[in-house]
Amino acid sequence: MKSFLEWELSLSEKIEDVNKRLHESIYTEEDALLRMAKYTLEAGGKRFRPLLTIIAYRIASGKDYHDILDLAAGYELIHTASLIHDDIIDKSDLRRGRETLHVKDGIDNAIVVGDYLFAKAYELGSRYGAVVSKIMADASSRLAEGQILEAENLGNLELTEETYLRIISRKTAFFFAACAEGAAVAANCDVLLRKSLTDFAYNLGMAFQVTDDILDIVGNEAVLGKPVLVDIKHSAITLPIIYALKNSQENKRIMLEQSLKGKVQDGDFDLKAYFLETGSIDYSFRMARGYITRAVDALKNTGTSPDIDLLMELALIVIERIEELA
Ligand code: GRG
């Protein structure tokens with residue numbers, strides 16, 4: 001089984017092309033704006049969304065992937081812009097291993113850089129016509145919906161699984177789906193293939209977010225390269241938390257509630273051991289695996305090709321990365 005890094009390494013040429021297009025697309029004569037936009041893009045990131053766009057395009061058309069680089073870059077710009085704004089909202093100091101833009105250059109500038117990247121993204125998307133532009137714009141609207149829904153429910157101990165799934169669908173899964181669907185439309189493929197690719201990406205996105213929420217609890221900070229237990233610190237109620245709140249002894253549930261309210265000191269309560277004990281990690285893992293099964297099923301009638309194999313590998317990596325990163 002390949003690791004995520006090995007999977008990415010096999011696509012390094014495409015990642016370099018995406019990075020090149022990203023740099024070309026953010027050009028402005030205003031030096032300060034260019035410097036700040038570059039700073040965020042150069043911090044890296046997995047480039048998941050542009051890769052999904054490129055692979056879906058090749059499956060949908062078999063044509064030269066260079067034709068879809070503008071769209072792939074456009075999606076990465078929207079993703080990056082939303083992360084800049086998200087870091088301001090969450091008051092985060094670190095992103096992709098670097099100081100966040102608002103810490104470095106101030107909140108006012110960071111808001112504008114985010115807006116600038118959004119604008120550039122829609123310009124790139126518009127090169128593929130009205131349908132693709134709408135798919136891209138709708139994906140952004142979903143991000144905003146997910147963000148607000150999440151904010152409304154911070155610290156809501158009554159949050160249902162249904163609302164949690166609604167939040168992650170909007171923050172992650174619809175965006176993944178838009179990458180595949182935009183590429184399919186740009187390739188002018190038939191409706192059935194367009195639906196298969198979109199369904200694959202949606203379910204992959206759901207699994208990706210659930211596994212992210214699991215890793216926030218069981219992940220190894222050094223291997224992950226980012227802090228863990230951040231959701232609890234921010235009172236963000238995720239699937240393992242919903243399950244644990246419903247399925248633990250009262251004294252332990254009270255400790256979790258207190259942790260979510262920021263009233264427990266680090267080290268006073270072994271949260272990781274507690275979550276494992278309640279079965280919430282197993283439960284969430286089964287849910288993520290269910291989404292991966294749906295993703296793989298969505299592609300089962302599309303035949304075989306090296307690009308389909310790449311998507312299938314990615315689906316397995318998303319679920320298996322938990323073992324690698326825990
Ligand atoms: C789009 C108008 C508009 C507003 C944005 C702030 C906001 C509203 C939305 C934030 C949405 C958000 C933070 C979603 C998180 C999605 C997610 C899974 C982020 C992590 O993605 P990775 O792991 O990150 O692909 P890298 O760094 O690898 O790119």
# chains A, B, ... in the order shown; residues from 1 in each chain; ligands from 1

$ residues_around --residues "A:Asp199" --least-positions-apart "4" --cutoff "9 Å" --atoms "only C-alpha atoms" --output "list in words"
Ala177, Ala180, Arg194, Lys195, Asn203, Leu204, Arg294, Ala295, Ala298 and Leu299 of chain A

$ residues_near_ligand --ligand "ligand 1" --cutoff "8 Å" --atoms "only C-alpha atoms and all ligand atoms" --output "PyMOL selection string"
chain A and resi 44-49+76+78-87+89+95-96+118+139-148+171-172+208-209+212

$ closest_atom_pairs --of "stretch 48-109 of chain A" --to "stretch 185-191 of chain A" --cutoff "10 Å" --atoms "only C-alpha atoms" --output "CSV"
residue,atom,partner,partner_atom,distance
A:Ala56,CA,A:Ala187,CA,9.2
A:Tyr57,CA,A:Ala187,CA,6.1
A:Arg58,CA,A:Ala187,CA,8.2
A:Ile59,CA,A:Ala187,CA,9.1
A:Ala60,CA,A:Cys189,CA,5.5
A:Ser61,CA,A:Ala187,CA,5.3
A:Gly62,CA,A:Ala187,CA,8.7
A:Lys63,CA,A:Ala187,CA,8.2
A:Asp67,CA,A:Ala186,CA,9.2
A:Ile68,CA,A:Ala186,CA,7.8
A:Leu71,CA,A:Ala186,CA,9.0

$ write_last_selection --atoms "all heavy atoms" --output "PDB file, in the first residue's frame"
ATOM      1  N   ALA A  56      -9.577  13.674 -12.706  1.00  0.00           N
ATOM      2  CA  ALA A  56     -10.961  13.538 -13.195  1.00  0.00           C
ATOM      3  C   ALA A  56     -11.027  13.971 -14.667  1.00  0.00           C
ATOM      4  O   ALA A  56     -11.709  13.337 -15.482  1.00  0.00           O
ATOM      5  CB  ALA A  56     -11.907  14.389 -12.348  1.00  0.00           C
ATOM      6  N   TYR A  57     -10.308  15.027 -15.012  1.00  0.00           N
ATOM      7  CA  TYR A  57     -10.319  15.513 -16.402  1.00  0.00           C
ATOM      8  C   TYR A  57      -9.771  14.448 -17.351  1.00  0.00           C
ATOM      9  O   TYR A  57     -10.322  14.204 -18.420  1.00  0.00           O
ATOM     10  CB  TYR A  57      -9.487  16.795 -16.501  1.00  0.00           C
ATOM     11  CG  TYR A  57      -9.473  17.398 -17.889  1.00  0.00           C
ATOM     12  CD1 TYR A  57     -10.587  18.059 -18.390  1.00  0.00           C
ATOM     13  CD2 TYR A  57      -8.337  17.314 -18.698  1.00  0.00           C
ATOM     14  CE1 TYR A  57     -10.580  18.613 -19.662  1.00  0.00           C
ATOM     15  CE2 TYR A  57      -8.314  17.868 -19.973  1.00  0.00           C
ATOM     16  CZ  TYR A  57      -9.440  18.521 -20.440  1.00  0.00           C
ATOM     17  OH  TYR A  57      -9.435  19.068 -21.699  1.00  0.00           O
ATOM     18  N   ARG A  58      -8.691  13.809 -16.920  1.00  0.00           N
ATOM     19  CA  ARG A  58      -8.098  12.775 -17.796  1.00  0.00           C
ATOM     20  C   ARG A  58      -9.028  11.589 -17.946  1.00  0.00           C
ATOM     21  O   ARG A  58      -9.156  11.022 -19.032  1.00  0.00           O
ATOM     22  CB  ARG A  58      -6.737  12.346 -17.242  1.00  0.00           C
ATOM     23  CG  ARG A  58      -5.750  13.467 -17.507  1.00  0.00           C
ATOM     24  CD  ARG A  58      -4.343  13.194 -17.153  1.00  0.00           C
ATOM     25  NE  ARG A  58      -3.939  11.814 -17.099  1.00  0.00           N
ATOM     26  CZ  ARG A  58      -2.763  11.382 -17.564  1.00  0.00           C
ATOM     27  NH1 ARG A  58      -1.954  12.218 -18.164  1.00  0.00           N
ATOM     28  NH2 ARG A  58      -2.419  10.140 -17.411  1.00  0.00           N
ATOM     29  N   ILE A  59      -9.707  11.217 -16.860  1.00  0.00           N
ATOM     30  CA  ILE A  59     -10.651  10.099 -16.958  1.00  0.00           C
ATOM     31  C   ILE A  59     -11.816  10.491 -17.875  1.00  0.00           C
ATOM     32  O   ILE A  59     -12.300   9.695 -18.668  1.00  0.00           O
ATOM     33  CB  ILE A  59     -11.172   9.697 -15.551  1.00  0.00           C
ATOM     34  CG1 ILE A  59     -10.026   9.136 -14.713  1.00  0.00           C
ATOM     35  CG2 ILE A  59     -12.316   8.687 -15.654  1.00  0.00           C
ATOM     36  CD1 ILE A  59     -10.356   8.889 -13.251  1.00  0.00           C
ATOM     37  N   ALA A  60     -12.219  11.761 -17.787  1.00  0.00           N
ATOM     38  CA  ALA A  60     -13.386  12.208 -18.555  1.00  0.00           C
ATOM     39  C   ALA A  60     -13.086  12.440 -20.036  1.00  0.00           C
ATOM     40  O   ALA A  60     -13.984  12.389 -20.866  1.00  0.00           O
ATOM     41  CB  ALA A  60     -13.944  13.484 -17.936  1.00  0.00           C
ATOM     42  N   SER A  61     -11.819  12.700 -20.372  1.00  0.00           N
ATOM     43  CA  SER A  61     -11.552  13.068 -21.765  1.00  0.00           C
ATOM     44  C   SER A  61     -10.344  12.360 -22.364  1.00  0.00           C
ATOM     45  O   SER A  61     -10.243  12.220 -23.581  1.00  0.00           O
ATOM     46  CB  SER A  61     -11.292  14.571 -21.853  1.00  0.00           C
ATOM     47  OG  SER A  61     -10.014  14.846 -21.305  1.00  0.00           O
ATOM     48  N   GLY A  62      -9.421  11.948 -21.499  1.00  0.00           N
ATOM     49  CA  GLY A  62      -8.182  11.358 -21.986  1.00  0.00           C
ATOM     50  C   GLY A  62      -7.278  12.359 -22.680  1.00  0.00           C
ATOM     51  O   GLY A  62      -6.243  12.003 -23.218  1.00  0.00           O
ATOM     52  N   LYS A  63      -7.689  13.643 -22.662  1.00  0.00           N
ATOM     53  CA  LYS A  63      -6.864  14.643 -23.373  1.00  0.00           C
ATOM     54  C   LYS A  63      -5.761  15.180 -22.467  1.00  0.00           C
ATOM     55  O   LYS A  63      -5.658  14.835 -21.309  1.00  0.00           O
ATOM     56  CB  LYS A  63      -7.769  15.775 -23.840  1.00  0.00           C
ATOM     57  CG  LYS A  63      -8.640  15.386 -25.026  1.00  0.00           C
ATOM     58  CD  LYS A  63      -9.127  16.641 -25.725  1.00  0.00           C
ATOM     59  CE  LYS A  63     -10.352  16.341 -26.563  1.00  0.00           C
ATOM     60  NZ  LYS A  63     -11.564  16.966 -26.035  1.00  0.00           N
ATOM     61  N   ASP A  67      -4.604  21.337 -20.396  1.00  0.00           N
ATOM     62  CA  ASP A  67      -5.793  22.144 -20.725  1.00  0.00           C
ATOM     63  C   ASP A  67      -6.662  22.446 -19.506  1.00  0.00           C
ATOM     64  O   ASP A  67      -7.544  23.295 -19.574  1.00  0.00           O
ATOM     65  CB  ASP A  67      -6.664  21.400 -21.757  1.00  0.00           C
ATOM     66  CG  ASP A  67      -5.936  21.223 -23.069  1.00  0.00           C
ATOM     67  OD1 ASP A  67      -4.942  21.948 -23.280  1.00  0.00           O
ATOM     68  OD2 ASP A  67      -6.344  20.343 -23.866  1.00  0.00           O
ATOM     69  N   ILE A  68      -6.458  21.701 -18.434  1.00  0.00           N
ATOM     70  CA  ILE A  68      -7.323  21.899 -17.261  1.00  0.00           C
ATOM     71  C   ILE A  68      -6.577  22.589 -16.108  1.00  0.00           C
ATOM     72  O   ILE A  68      -7.122  22.784 -15.021  1.00  0.00           O
ATOM     73  CB  ILE A  68      -7.950  20.541 -16.817  1.00  0.00           C
ATOM     74  CG1 ILE A  68      -9.258  20.745 -16.026  1.00  0.00           C
ATOM     75  CG2 ILE A  68      -6.982  19.686 -16.018  1.00  0.00           C
ATOM     76  CD1 ILE A  68     -10.403  21.265 -16.795  1.00  0.00           C
ATOM     77  N   LEU A  71      -8.297  25.592 -14.341  1.00  0.00           N
ATOM     78  CA  LEU A  71      -9.364  25.230 -13.398  1.00  0.00           C
ATOM     79  C   LEU A  71      -8.774  24.637 -12.121  1.00  0.00           C
ATOM     80  O   LEU A  71      -9.188  24.977 -11.005  1.00  0.00           O
ATOM     81  CB  LEU A  71     -10.335  24.229 -14.054  1.00  0.00           C
ATOM     82  CG  LEU A  71     -11.586  23.925 -13.225  1.00  0.00           C
ATOM     83  CD1 LEU A  71     -12.445  25.176 -13.041  1.00  0.00           C
ATOM     84  CD2 LEU A  71     -12.421  22.818 -13.857  1.00  0.00           C
TER      85      LEU A  71
END

$ atom_distance --atom1 "atom CA of A:Glu181" --atom2 "atom CA of A:Tyr27"
27.3 Å

$ residues_around --residues "stretch 272-287 of chain A" --least-positions-apart "6" --cutoff "6 Å" --atoms "only C-alpha atoms" --output "ChimeraX atom specification"
/A:217,240,243-244

$ residues_around --residues "stretch 226-231 of chain A" --least-positions-apart "2" --cutoff "12 Å" --atoms "only C-alpha atoms" --output "VMD selection string"
chain A and resid 90 to 98 150 154 to 155 212 to 224 233 to 241 256 259 to 262 266 270 to 272 275 325 to 326

$ atom_distance --atom1 "atom CA of A:Trp7" --atom2 "atom CA of A:Ile168"
24.6 Å

$ atom_distance --atom1 "atom CA of A:Asp31" --atom2 "atom CA of A:Leu51"
29.3 Å

$ residues_around --residues "A:Leu34" --least-positions-apart "5" --cutoff "12 Å" --atoms "only C-alpha atoms" --output "PyMOL selection string"
chain A and resi 22-29+39-42+109+112-113+116-117

$ select_by_dssp --residues "stretch 11-127 of chain A" --states "strand (DSSP E)" --output "ChimeraX atom specification"
/A:94-95,98-99

$ closest_residue --among "A:Met36, A:Ile292, A:Ala173, A:Glu30" --to "A:Thr100" --atoms "only C-alpha atoms"
A:Met36
